[in-house]
Every structure is written in C-alpha cells, then in structure tokens.
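Next comes model11.cif, with mmCIF, C-alpha atoms.
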data_final
#
loop_
_atom_site.group_PDB
_atom_site.id
_atom_site.type_symbol
_atom_site.label_atom_id
_atom_site.label_comp_id
_atom_site.auth_asym_id
_atom_site.auth_seq_id
_atom_site.Cartn_x
_atom_site.Cartn_y
_atom_site.Cartn_z
ATOM 1 C CA ALA A 1 242.673 194.686 139.612
ATOM 2 C CA PRO A 2 245.067 197.607 140.252
ATOM 3 C CA THR A 3 246.812 197.516 143.643
ATOM 4 C CA GLY A 4 244.905 199.559 146.195
ATOM 5 C CA SER A 5 241.643 199.650 144.266
ATOM 6 C CA GLY A 6 238.465 198.898 146.192
ATOM 7 C CA ASP A 7 235.882 196.194 145.576
ATOM 8 C CA LYS A 8 232.773 194.677 147.142
ATOM 9 C CA LEU A 9 234.384 191.314 147.944
ATOM 10 C CA LEU A 10 233.994 189.900 151.468
ATOM 11 C CA GLN A 11 236.280 187.486 153.247
ATOM 12 C CA ALA A 12 234.915 183.951 153.157
ATOM 13 C CA TYR A 13 232.320 182.609 155.586
ATOM 14 C CA ASN A 14 232.033 179.066 156.905
ATOM 15 C CA PHE A 15 230.420 176.964 159.616
ATOM 16 C CA ARG A 16 232.411 176.349 162.793
ATOM 17 C CA LEU A 17 231.810 172.631 163.168
ATOM 18 C CA CYS A 18 230.993 170.723 166.320
ATOM 19 C CA LEU A 19 231.674 167.022 165.683
ATOM 20 C CA THR A 20 232.319 164.175 168.112
ATOM 21 C CA LYS A 21 234.447 161.017 168.235
ATOM 22 C CA ASP A 22 232.359 159.419 171.001
ATOM 23 C CA PRO A 23 230.644 156.371 169.404
ATOM 24 C CA ALA A 24 227.783 156.540 171.921
ATOM 25 C CA ASN A 25 227.051 160.167 170.973
ATOM 26 C CA ARG A 26 227.929 160.087 167.265
ATOM 27 C CA ILE A 27 225.638 160.348 164.244
ATOM 28 C CA PRO A 28 227.399 159.246 161.024
ATOM 29 C CA ILE A 29 228.080 161.871 158.342
ATOM 30 C CA THR A 30 225.881 160.743 155.468
ATOM 31 C CA ARG A 31 225.532 161.843 151.848
ATOM 32 C CA PRO A 32 223.668 165.183 151.896
ATOM 33 C CA GLU A 33 220.910 166.249 149.539
ATOM 34 C CA ARG A 34 222.096 167.834 146.269
ATOM 35 C CA TYR A 35 225.586 166.371 146.819
ATOM 36 C CA ASP A 36 227.930 167.097 143.924
ATOM 37 C CA SER A 37 231.430 165.612 144.173
ATOM 38 C CA THR A 38 232.744 167.867 141.380
ATOM 39 C CA LYS A 39 232.618 170.831 143.796
ATOM 40 C CA TYR A 40 235.593 169.325 145.643
ATOM 41 C CA GLU A 41 237.915 168.595 142.716
ATOM 42 C CA LEU A 42 240.416 171.176 143.959
ATOM 43 C CA LEU A 43 240.699 169.344 147.291
ATOM 44 C CA LEU A 44 241.970 166.269 145.463
ATOM 45 C CA ARG A 45 244.618 168.366 143.700
ATOM 46 C CA GLN A 46 245.653 170.000 146.978
ATOM 47 C CA VAL A 47 245.945 166.653 148.780
ATOM 48 C CA ALA A 48 247.941 165.165 145.901
ATOM 49 C CA VAL A 49 250.516 167.955 146.142
ATOM 50 C CA GLU A 50 250.694 168.406 149.926
ATOM 51 C CA LYS A 51 250.270 164.726 150.922
ATOM 52 C CA PRO A 52 248.936 165.501 154.432
ATOM 53 C CA ALA A 53 249.427 162.858 157.103
ATOM 54 C CA HIS A 54 246.246 163.866 158.910
ATOM 55 C CA ILE A 55 242.974 165.667 158.204
ATOM 56 C CA ASN A 56 243.815 167.988 161.122
ATOM 57 C CA TRP A 57 245.831 170.855 159.595
ATOM 58 C CA GLY A 58 245.961 168.946 156.288
ATOM 59 C CA VAL A 59 242.285 169.359 155.367
ATOM 60 C CA MET A 60 240.743 171.384 158.208
ATOM 61 C CA HIS A 61 241.711 172.671 161.645
ATOM 62 C CA ILE A 62 240.281 170.508 164.428
ATOM 63 C CA ALA A 63 240.405 172.236 167.815
ATOM 64 C CA ASP A 64 239.605 169.865 170.672
ATOM 65 C CA MET A 65 236.704 170.782 172.937
ATOM 66 C CA PRO A 66 235.416 169.073 176.109
ATOM 67 C CA ASN A 67 233.462 165.774 175.943
ATOM 68 C CA SER A 68 235.252 164.456 172.809
ATOM 69 C CA LYS A 69 233.927 167.342 170.683
ATOM 70 C CA THR A 70 235.457 169.874 168.345
ATOM 71 C CA ASP A 71 235.487 173.417 167.098
ATOM 72 C CA ILE A 72 236.547 172.898 163.483
ATOM 73 C CA ASN A 73 237.676 175.794 161.311
ATOM 74 C CA ASN A 74 239.074 176.314 157.832
ATOM 75 C CA LYS A 75 242.685 175.357 157.153
ATOM 76 C CA GLY A 76 244.524 175.549 153.859
ATOM 77 C CA GLY A 77 243.668 176.534 150.310
ATOM 78 C CA PHE A 78 240.582 174.345 150.002
ATOM 79 C CA SER A 79 238.713 173.580 153.205
ATOM 80 C CA THR A 80 235.522 174.568 155.040
ATOM 81 C CA ASP A 81 235.546 178.183 153.784
ATOM 82 C CA MET A 82 233.179 178.568 150.825
ATOM 83 C CA ILE A 83 235.385 181.088 149.097
ATOM 84 C CA GLY A 84 233.730 183.677 146.884
ATOM 85 C CA MET A 85 230.124 182.643 147.524
ATOM 86 C CA ASN A 86 229.121 185.274 150.099
ATOM 87 C CA HIS A 87 229.690 188.527 148.232
ATOM 88 C CA SER A 88 226.045 189.567 148.084
ATOM 89 C CA TYR A 89 225.329 188.639 151.723
ATOM 90 C CA ALA A 90 226.058 192.004 153.357
ATOM 91 C CA GLU A 91 223.406 193.969 151.467
ATOM 92 C CA ALA A 92 221.037 191.101 150.651
ATOM 93 C CA ASP A 93 217.430 190.786 151.811
ATOM 94 C CA TYR A 94 216.479 188.067 154.289
ATOM 95 C CA GLU A 95 215.399 185.605 151.606
ATOM 96 C CA THR A 96 218.704 185.914 149.718
ATOM 97 C CA ARG A 97 220.672 185.575 152.948
ATOM 98 C CA LYS A 98 218.725 182.409 153.772
ATOM 99 C CA LYS A 99 219.679 180.996 150.366
ATOM 100 C CA ILE A 100 223.375 181.845 150.861
ATOM 101 C CA ILE A 101 223.344 180.192 154.310
ATOM 102 C CA LYS A 102 221.755 177.056 152.810
ATOM 103 C CA GLU A 103 224.388 176.940 150.057
ATOM 104 C CA HIS A 104 227.139 177.102 152.689
ATOM 105 C CA GLU A 105 225.479 174.322 154.680
ATOM 106 C CA GLU A 106 225.210 172.076 151.624
ATOM 107 C CA TYR A 107 228.808 172.808 150.611
ATOM 108 C CA THR A 108 230.144 171.991 154.093
ATOM 109 C CA LYS A 109 228.127 168.815 154.596
ATOM 110 C CA GLY A 110 229.240 167.719 151.138
ATOM 111 C CA PHE A 111 232.854 168.532 151.989
ATOM 112 C CA LEU A 112 232.780 166.341 155.109
ATOM 113 C CA TYR A 113 231.116 163.496 153.206
ATOM 114 C CA PHE A 114 233.618 163.817 150.340
ATOM 115 C CA VAL A 115 236.630 163.534 152.665
ATOM 116 C CA GLY A 116 235.199 160.419 154.304
ATOM 117 C CA HIS A 117 233.740 158.638 151.275
ATOM 118 C CA ASP A 118 235.107 159.691 147.893
ATOM 119 C CA PRO A 119 237.228 156.791 146.562
ATOM 120 C CA ARG A 120 239.821 159.205 145.169
ATOM 121 C CA MET A 121 240.727 160.517 148.635
ATOM 122 C CA PRO A 122 243.710 158.803 150.350
ATOM 123 C CA GLN A 123 242.620 155.906 152.540
ATOM 124 C CA HIS A 124 244.204 157.228 155.757
ATOM 125 C CA LEU A 125 242.281 160.516 155.422
ATOM 126 C CA HIS A 126 239.091 158.494 154.842
ATOM 127 C CA GLN A 127 239.586 156.594 158.055
ATOM 128 C CA GLN A 128 240.387 159.695 160.102
ATOM 129 C CA MET A 129 237.259 161.457 158.837
ATOM 130 C CA LEU A 130 235.037 158.467 159.570
ATOM 131 C CA GLU A 131 236.016 158.672 163.253
ATOM 132 C CA TRP A 132 233.908 161.837 163.492
ATOM 133 C CA GLY A 133 230.160 162.414 163.394
ATOM 134 C CA TYR A 134 227.462 164.889 164.394
ATOM 135 C CA PRO A 135 226.823 164.956 168.172
ATOM 136 C CA LYS A 136 223.416 163.633 169.228
ATOM 137 C CA ASP A 137 223.229 166.155 172.065
ATOM 138 C CA GLU A 138 224.104 169.316 170.109
ATOM 139 C CA TYR A 139 221.739 171.503 168.031
ATOM 140 C CA THR A 140 218.868 169.104 168.621
ATOM 141 C CA ASP A 141 216.328 171.534 167.126
ATOM 142 C CA SER A 142 218.260 172.030 163.852
ATOM 143 C CA GLY A 143 219.218 168.515 162.798
ATOM 144 C CA HIS A 144 222.419 168.496 164.905
ATOM 145 C CA TRP A 145 223.855 171.221 162.663
ATOM 146 C CA SER A 146 224.747 174.723 163.858
ATOM 147 C CA PRO A 147 222.081 177.220 162.751
ATOM 148 C CA GLN A 148 224.692 180.017 162.844
ATOM 149 C CA LEU A 149 226.792 180.734 159.770
ATOM 150 C CA TYR A 150 230.160 182.231 160.736
ATOM 151 C CA VAL A 151 229.765 185.736 159.278
ATOM 152 C CA ARG A 152 233.278 187.101 159.703
ATOM 153 C CA GLU A 153 232.513 190.500 158.249
ATOM 154 C CA ALA A 154 229.607 192.239 156.549
ATOM 155 C CA ARG A 155 228.396 195.845 156.593
ATOM 156 C CA ARG A 156 230.214 198.270 158.881
ATOM 157 C CA MET A 157 229.235 201.710 160.063
ATOM 158 C CA ILE A 158 231.140 204.792 158.935
ATOM 159 C CA GLY A 159 231.165 206.531 162.279
ATOM 160 C CA SER A 160 232.765 209.496 163.975
ATOM 161 C CA TYR A 161 236.179 207.787 163.758
ATOM 162 C CA VAL A 162 237.409 204.939 161.537
ATOM 163 C CA MET A 163 239.835 202.425 163.074
ATOM 164 C CA THR A 164 242.614 201.511 160.624
ATOM 165 C CA GLN A 165 245.837 199.523 160.294
ATOM 166 C CA ALA A 166 247.680 202.482 161.865
ATOM 167 C CA ASN A 167 245.728 201.898 165.098
ATOM 168 C CA CYS A 168 246.477 198.164 165.107
ATOM 169 C CA GLN A 169 250.217 198.743 164.713
ATOM 170 C CA GLY A 170 250.381 201.560 167.268
ATOM 171 C CA LYS A 171 251.265 204.241 164.731
ATOM 172 C CA GLU A 172 248.124 206.087 165.770
ATOM 173 C CA VAL A 173 246.897 205.766 169.361
ATOM 174 C CA VAL A 174 243.470 207.064 170.362
ATOM 175 C CA THR A 175 242.865 208.719 173.724
ATOM 176 C CA ASP A 176 239.181 207.764 173.969
ATOM 177 C CA GLY A 177 239.717 203.993 174.102
ATOM 178 C CA VAL A 178 236.969 201.955 175.789
ATOM 179 C CA GLY A 179 238.289 198.464 175.088
ATOM 180 C CA MET A 180 241.353 196.700 173.730
ATOM 181 C CA ALA A 181 241.947 194.463 170.722
ATOM 182 C CA ALA A 182 245.068 192.394 170.076
ATOM 183 C CA TYR A 183 244.461 189.840 167.332
ATOM 184 C CA THR A 184 246.460 189.613 164.119
ATOM 185 C CA MET A 185 245.173 191.662 161.176
ATOM 186 C CA ASP A 186 243.475 188.698 159.556
ATOM 187 C CA SER A 187 241.336 188.195 156.474
ATOM 188 C CA HIS A 188 240.352 184.909 154.929
ATOM 189 C CA ASN A 189 240.366 184.666 151.151
ATOM 190 C CA THR A 190 237.799 186.668 149.203
ATOM 191 C CA HIS A 191 237.702 184.811 145.896
ATOM 192 C CA ARG A 192 239.372 182.344 143.534
ATOM 193 C CA ILE A 193 240.884 183.302 140.215
ATOM 194 C CA VAL A 194 242.508 181.406 137.356
ATOM 195 C CA ILE A 195 245.861 182.765 136.225
ATOM 196 C CA GLU A 196 248.366 181.687 133.590
ATOM 197 C CA LYS A 197 251.956 181.068 134.638
ATOM 198 C CA ASP A 198 254.713 179.587 132.476
ATOM 199 C CA GLY A 199 252.127 178.623 129.883
ATOM 200 C CA ARG A 200 249.986 176.735 132.409
ATOM 201 C CA LYS A 201 246.702 177.788 133.945
ATOM 202 C CA MET A 202 246.412 177.510 137.706
ATOM 203 C CA VAL A 203 243.924 178.342 140.442
ATOM 204 C CA LYS A 204 244.862 180.968 143.013
ATOM 205 C CA ASN A 205 243.040 182.105 146.121
ATOM 206 C CA GLU A 206 243.120 185.870 146.637
ATOM 207 C CA GLY A 207 242.560 188.081 149.655
ATOM 208 C CA ASN A 208 244.234 186.235 152.528
ATOM 209 C CA VAL A 209 245.975 188.539 155.045
ATOM 210 C CA GLU A 210 247.788 187.501 158.242
ATOM 211 C CA VAL A 211 249.917 190.268 159.754
ATOM 212 C CA GLY A 212 250.640 190.324 163.477
ATOM 213 C CA GLY A 213 253.499 191.145 165.813
ATOM 214 C CA PHE A 214 251.894 194.065 167.646
ATOM 215 C CA GLY A 215 250.600 194.461 171.181
ATOM 216 C CA PRO A 216 247.084 195.247 172.427
ATOM 217 C CA TYR A 217 245.717 198.600 171.274
ATOM 218 C CA PRO A 218 242.744 200.769 172.328
ATOM 219 C CA ILE A 219 239.511 200.985 170.317
ATOM 220 C CA SER A 220 238.086 204.477 170.020
ATOM 221 C CA TYR A 221 234.668 205.219 171.538
ATOM 222 C CA ARG A 222 234.049 207.351 168.427
ATOM 223 C CA SER A 223 234.287 204.215 166.243
ATOM 224 C CA LEU A 224 231.275 202.794 168.132
ATOM 225 C CA ILE A 225 228.967 205.746 167.467
ATOM 226 C CA PRO A 226 227.641 207.367 164.277
ATOM 227 C CA LYS A 227 228.399 210.901 163.209
ATOM 228 C CA GLU A 228 226.087 213.145 165.238
ATOM 229 C CA ALA A 229 224.374 214.445 162.109
ATOM 230 C CA ASP A 230 223.401 210.860 161.191
ATOM 231 C CA CYS A 231 222.041 209.568 164.500
ATOM 232 C CA GLN A 232 222.277 210.505 168.175
ATOM 233 C CA ASN A 233 221.012 207.404 169.999
ATOM 234 C CA LEU A 234 222.862 204.469 168.423
ATOM 235 C CA LEU A 235 225.827 202.466 169.758
ATOM 236 C CA VAL A 236 227.450 199.784 167.573
ATOM 237 C CA PRO A 237 229.848 197.392 169.365
ATOM 238 C CA VAL A 238 230.079 194.763 166.585
ATOM 239 C CA CYS A 239 229.591 196.364 163.146
ATOM 240 C CA LEU A 240 231.772 199.232 164.259
ATOM 241 C CA SER A 241 233.557 201.848 162.186
ATOM 242 C CA ALA A 242 236.753 200.193 160.946
ATOM 243 C CA SER A 243 238.582 199.529 157.705
ATOM 244 C CA HIS A 244 238.610 195.973 156.331
ATOM 245 C CA ILE A 245 242.134 195.413 157.653
ATOM 246 C CA ALA A 246 241.506 196.848 161.126
ATOM 247 C CA TYR A 247 238.210 194.987 161.412
ATOM 248 C CA GLY A 248 240.114 191.772 160.684
ATOM 249 C CA SER A 249 241.951 192.317 163.967
ATOM 250 C CA ILE A 250 239.070 193.677 166.049
ATOM 251 C CA ARG A 251 236.513 191.021 165.019
ATOM 252 C CA MET A 252 237.029 188.609 167.921
ATOM 253 C CA GLU A 253 234.228 187.554 170.254
ATOM 254 C CA PRO A 254 236.013 188.573 173.508
ATOM 255 C CA VAL A 255 236.511 192.055 172.033
ATOM 256 C CA PHE A 256 232.822 192.237 171.075
ATOM 257 C CA MET A 257 231.941 191.300 174.668
ATOM 258 C CA VAL A 258 234.166 194.083 176.017
ATOM 259 C CA LEU A 259 232.715 196.635 173.586
ATOM 260 C CA GLY A 260 229.192 195.422 174.409
ATOM 261 C CA GLN A 261 229.807 196.204 178.074
ATOM 262 C CA SER A 262 231.392 199.580 177.241
ATOM 263 C CA THR A 263 228.525 200.660 174.984
ATOM 264 C CA ALA A 264 225.907 199.464 177.481
ATOM 265 C CA LEU A 265 227.486 201.668 180.129
ATOM 266 C CA ALA A 266 227.652 204.554 177.629
ATOM 267 C CA ALA A 267 223.938 204.086 176.891
ATOM 268 C CA VAL A 268 223.115 204.319 180.604
ATOM 269 C CA MET A 269 225.202 207.492 180.902
ATOM 270 C CA ALA A 270 223.450 209.076 177.890
ATOM 271 C CA ILE A 271 219.998 208.217 179.288
ATOM 272 C CA ASN A 272 220.811 209.483 182.781
ATOM 273 C CA ALA A 273 222.298 212.720 181.443
ATOM 274 C CA LYS A 274 219.440 213.122 178.911
ATOM 275 C CA THR A 275 222.005 213.670 176.166
ATOM 276 C CA SER A 276 223.212 212.109 172.912
ATOM 277 C CA VAL A 277 225.719 209.264 172.765
ATOM 278 C CA GLN A 278 228.168 211.745 171.215
ATOM 279 C CA LYS A 279 228.020 214.096 174.219
ATOM 280 C CA ILE A 280 228.625 211.729 177.137
ATOM 281 C CA ASP A 281 231.642 212.252 179.396
ATOM 282 C CA ILE A 282 234.156 209.807 177.898
ATOM 283 C CA ALA A 283 236.701 210.335 180.697
ATOM 284 C CA LYS A 284 234.009 209.329 183.204
ATOM 285 C CA LEU A 285 233.142 206.277 181.097
ATOM 286 C CA GLN A 286 236.801 205.238 180.969
ATOM 287 C CA GLN A 287 237.167 205.708 184.726
ATOM 288 C CA GLU A 288 234.130 203.539 185.435
ATOM 289 C CA LEU A 289 235.500 200.762 183.197
ATOM 290 C CA ILE A 290 238.862 200.900 184.993
ATOM 291 C CA GLN A 291 237.407 200.992 188.527
ATOM 292 C CA ASN A 292 234.615 198.478 187.952
ATOM 293 C CA PRO A 293 235.736 196.254 185.076
ATOM 294 C CA LEU A 294 233.462 193.357 186.062
ATOM 295 C CA ALA A 295 230.391 195.610 186.315
ATOM 296 C CA ASP A 296 229.653 194.151 189.729
#
Rewrite the structure of this file - the entire thing - as structure tokens.
Amino acid sequence: APTGSGDKLLQAYNFRLCLTKDPANRIPITRPERYDSTKYELLLRQVAVEKPAHINWGVMHIADMPNSKTDINNKGGFSTDMIGMNHSYAEADYETRKKIIKEHEEYTKGFLYFVGHDPRMPQHLHQQMLEWGYPKDEYTDSGHWSPQLYVREARRMIGSYVMTQANCQGKEVVTDGVGMAAYTMDSHNTHRIVIEKDGRKMVKNEGNVEVGGFGPYPISYRSLIPKEADCQNLLVPVCLSASHIAYGSIRMEPVFMVLGQSTALAAVMAINAKTSVQKIDIAKLQQELIQNPLAD
C-alpha cells in the first residue's frame, strides 16, 4: 500500500503466559484440541536460520516471576503473537470476539506443544520447553489458562484533543496534562505478506514499530474526554483519543492506572460542580494530583 495510507489493521494480540518450572505445581503441556502442526511451519524456518541457543529470546520472551512462574510474551518474527488474525476484533459483536479469542487460545496452546513435541524442532529447544507447564494454582476456574486475551489496541475515541507522535517526542507539549507516559512508541506486527525478492518468494511481517529515546511527557486531559457536542458525562482513561503511534507509547498498565485516578477525580469534580466533564477546573484538578498524588 502507498506510504502513509490508512488501513483497518490492528497490531497483533496474544496471551501473556503464566507457566511454571516447579514439578510439584506443574501440569504438562499436552496436545490441544484441533491441533494443526502446519500452522507453525514458519517457526521451523526461523529456527533453522537463527539457530537459537534457548527458547528464551529465541522463541519467546520468558520474564521470571515469583514462585518459579513466568510472564511470557512474544519475541521474534514467529512467536506467541497471532499476527493478522485480530483485524475484525475492534468492531466485532460479542460472539465474533469470543471466536477470535478461542482461535488465539488454540494457536498459542498449539505453539507451546509444537515447540516441546514436534520432532523437527531442535532437541535442546524441546528439552527447555518441556521444563515448563501450566501452574496448578493459577486460573483454576478456566483450566489453568488465562481468560484474558492481551488486547493491545482496539477502538479509540476521537476526543477533544488527539495525542500524536509529536507529543511523545516533546515537539508538542500540552498544558493540561493529568498524567505522564514514557514508553517507546511501540506496535507489534499487523500482518504477514509474501513478497518476491531476487526471484524468490519470502514471508515478511509488516507493521512493527519500536522508536524510543524520549523522556516522560504529559497526557492531555482533553484526550480523555469526548467533544462536548458528542457527550458531556464520559471520561475515557484507556481507549483514549490518540493516534496509533502515540497509543503505542501510552498503552501501558501503570499509565492506565494513573489516568484512571485522574479521571475519577475529574468525575467527582464534575458531579460536585454540577457541570460537564469539559467544564471542570483543570488547574484545580492538576493541583490536587500534585498535592495528593496517592489520593490518601
């Protein structure tokens, strides 16, 4: 597509995986229903080229957590992200979303089983994968599997102000900030394409962005509220008004917590003043956040 043209593609979703190495607390990763090893052909090609010494960083990113557990995330060109399979999620009905979540679950369980059991995978990666299993004491009401798909980005409000790359890089600084963000402008891949190069066809992932090197920056209160003509009693701390690139930096849980506190305080101010969320005293809101940051 032409550079700069828009599309409806979303950065990939995945499951953040809690596994354990503790034999007393470990449930083996078994062959899932509807397992299809052909889905993971590209992983074999990736491993053959990169020759990773370990599944950590080579196949997935394993972050250590307390009690011999993990927070596993995507790493590399073919990993736990189910690239290109979430595009309809943002505007889908509940039934379609449920189906997309199930497809991601099946893909991920199959991925883990493939790494540990497919005879074409290198033996050392097999053995490393088999050290891990589902924790007996986690997610006991959902088969020891997280019920929460990692939705990195979906619909976003077009509010009174749109946060953009210029805000992230300090080229534009708002004066009505009610929270700070600092993370890299980050997007996971949006889809896979096949291209031809030097007479050979090859698979390419498209959409990955990782641009950092800037300090913390303020998030505008106006990006958390709709235009007044649209709605006067809504505050949106998560699906806020931001471009795809800016949202890639803002979309961190600590930032959502900060904005949740800021919007809760703004809601109280609007109720007490019997006014709209657009007409609250932002300077007073900022002062309260500075003087009483812990809300205690």
Please list as a ChimeraX atom specification every residue within 10 Å of A:Leu42, counting all atoms listed in the file and excluding residues in the same chain fewer than 3 positions away. /A:38-39,45-48,77-79,203
Can you work out which one of A:Arg251, A:Ser68, A:Ile101, A:Ser262 has the shortest atom-to-atom distance to A:Ile290, counting all atoms listed in the file? A:Ser262
Within 12 Å of A:Ile158, counting only C-alpha atoms, which residues qualify if same-chain residues fewer than 6 places away don't, as number ranges by chain? A: 222-228, 230-231, 236, 239-244
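Taking atom CA of A:Gly212 and atom CA of A:Met185 as the two end points, the separation is 6.1 Å.
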Running the PyMOL selection byres ((chain A and resi 58) around 10) on this model by hand, what would come out? Give it as a PyMOL selection string. chain A and resi 46-47+50-57+59-61+75-79+125
(227.6, 160.5, 166.8) in this file's frame - what residues fall within 9 Å of it? Use only C-alpha atoms and give the answer as an NGL selection string. :A and (19-29 or 132-137)
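Distance check against A:Leu149 using all atoms listed in the file: of A:Thr108, A:Asn14, A:Gln123, A:Asn73, the minimum falls on A:Asn14.
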Could you please determine the separation between atom CA of A:Gln261 and atom CA of A:Ser187 in Å, to one decimal place?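 Taking atom CA of A:Gln261 and atom CA of A:Ser187, their separation equals 25.8 Å.
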Which residue, A:Val211, A:Gln287, A:Ala12, A:Ala270, has the smallest gap to A:Asp81 when you use all atoms listed in the file?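 Among the listed residues, A:Ala12 lies closest to A:Asp81.
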Run the PyMOL selection byres ((chain A and resi 276) around 12) mentally over the shown coordinates, then write out the matched residues as a ChimeraX atom specification, using the chain letters and numbers from the document. /A:225-235,266-275,277-281
Taking the file above as input, evaluate the PyMOL selection byres ((chain A and resi 293) around 12) and report the hits as a short mmCIF file (atom, residue, chain, number, x, y, z; two decimals) with C-alpha atoms, in the coordinates of the input.
data_model
loop_
_atom_site.label_atom_id
_atom_site.label_comp_id
_atom_site.auth_asym_id
_atom_site.auth_seq_id
_atom_site.Cartn_x
_atom_site.Cartn_y
_atom_site.Cartn_z
CA VAL A 178 236.97 201.96 175.79
CA GLY A 179 238.29 198.46 175.09
CA VAL A 258 234.17 194.08 176.02
CA LEU A 259 232.72 196.64 173.59
CA GLN A 261 229.81 196.20 178.07
CA SER A 262 231.39 199.58 177.24
CA LEU A 265 227.49 201.67 180.13
CA LEU A 285 233.14 206.28 181.10
CA GLN A 286 236.80 205.24 180.97
CA GLN A 287 237.17 205.71 184.73
CA GLU A 288 234.13 203.54 185.44
CA LEU A 289 235.50 200.76 183.20
CA ILE A 290 238.86 200.90 184.99
CA GLN A 291 237.41 200.99 188.53
CA ASN A 292 234.62 198.48 187.95
CA LEU A 294 233.46 193.36 186.06
CA ALA A 295 230.39 195.61 186.32
CA ASP A 296 229.65 194.15 189.73
#
Please rebuild stretch 106-117 of chain A with N, CA and C atoms and give the result as a compact mmCIF listing (two decimals), in the frame of the given file.
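So the final result, stored in result04.txt, reads:
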# COMPACT_ATOMS: atom_id res chain seq x y z
N GLU A 106 225.10 173.19 152.57
CA GLU A 106 225.21 172.08 151.62
C GLU A 106 226.66 171.84 151.20
N TYR A 107 227.39 172.93 150.98
CA TYR A 107 228.81 172.81 150.61
C TYR A 107 229.59 172.10 151.72
N THR A 108 229.36 172.51 152.97
CA THR A 108 230.14 171.99 154.09
C THR A 108 229.80 170.53 154.39
N LYS A 109 228.52 170.21 154.38
CA LYS A 109 228.13 168.82 154.60
C LYS A 109 228.69 167.93 153.49
N GLY A 110 228.67 168.45 152.27
CA GLY A 110 229.24 167.72 151.14
C GLY A 110 230.74 167.55 151.27
N PHE A 111 231.40 168.58 151.78
CA PHE A 111 232.85 168.53 151.99
C PHE A 111 233.21 167.41 152.97
N LEU A 112 232.51 167.37 154.10
CA LEU A 112 232.78 166.34 155.11
C LEU A 112 232.53 164.94 154.54
N TYR A 113 231.44 164.80 153.80
CA TYR A 113 231.12 163.50 153.21
C TYR A 113 232.18 163.11 152.17
N PHE A 114 232.61 164.07 151.38
CA PHE A 114 233.62 163.82 150.34
C PHE A 114 234.91 163.29 150.95
N VAL A 115 235.37 163.95 152.02
CA VAL A 115 236.63 163.53 152.66
C VAL A 115 236.52 162.10 153.18
N GLY A 116 235.37 161.74 153.71
CA GLY A 116 235.20 160.42 154.30
C GLY A 116 234.79 159.32 153.35
N HIS A 117 234.33 159.68 152.13
CA HIS A 117 233.74 158.64 151.28
C HIS A 117 234.21 158.62 149.82
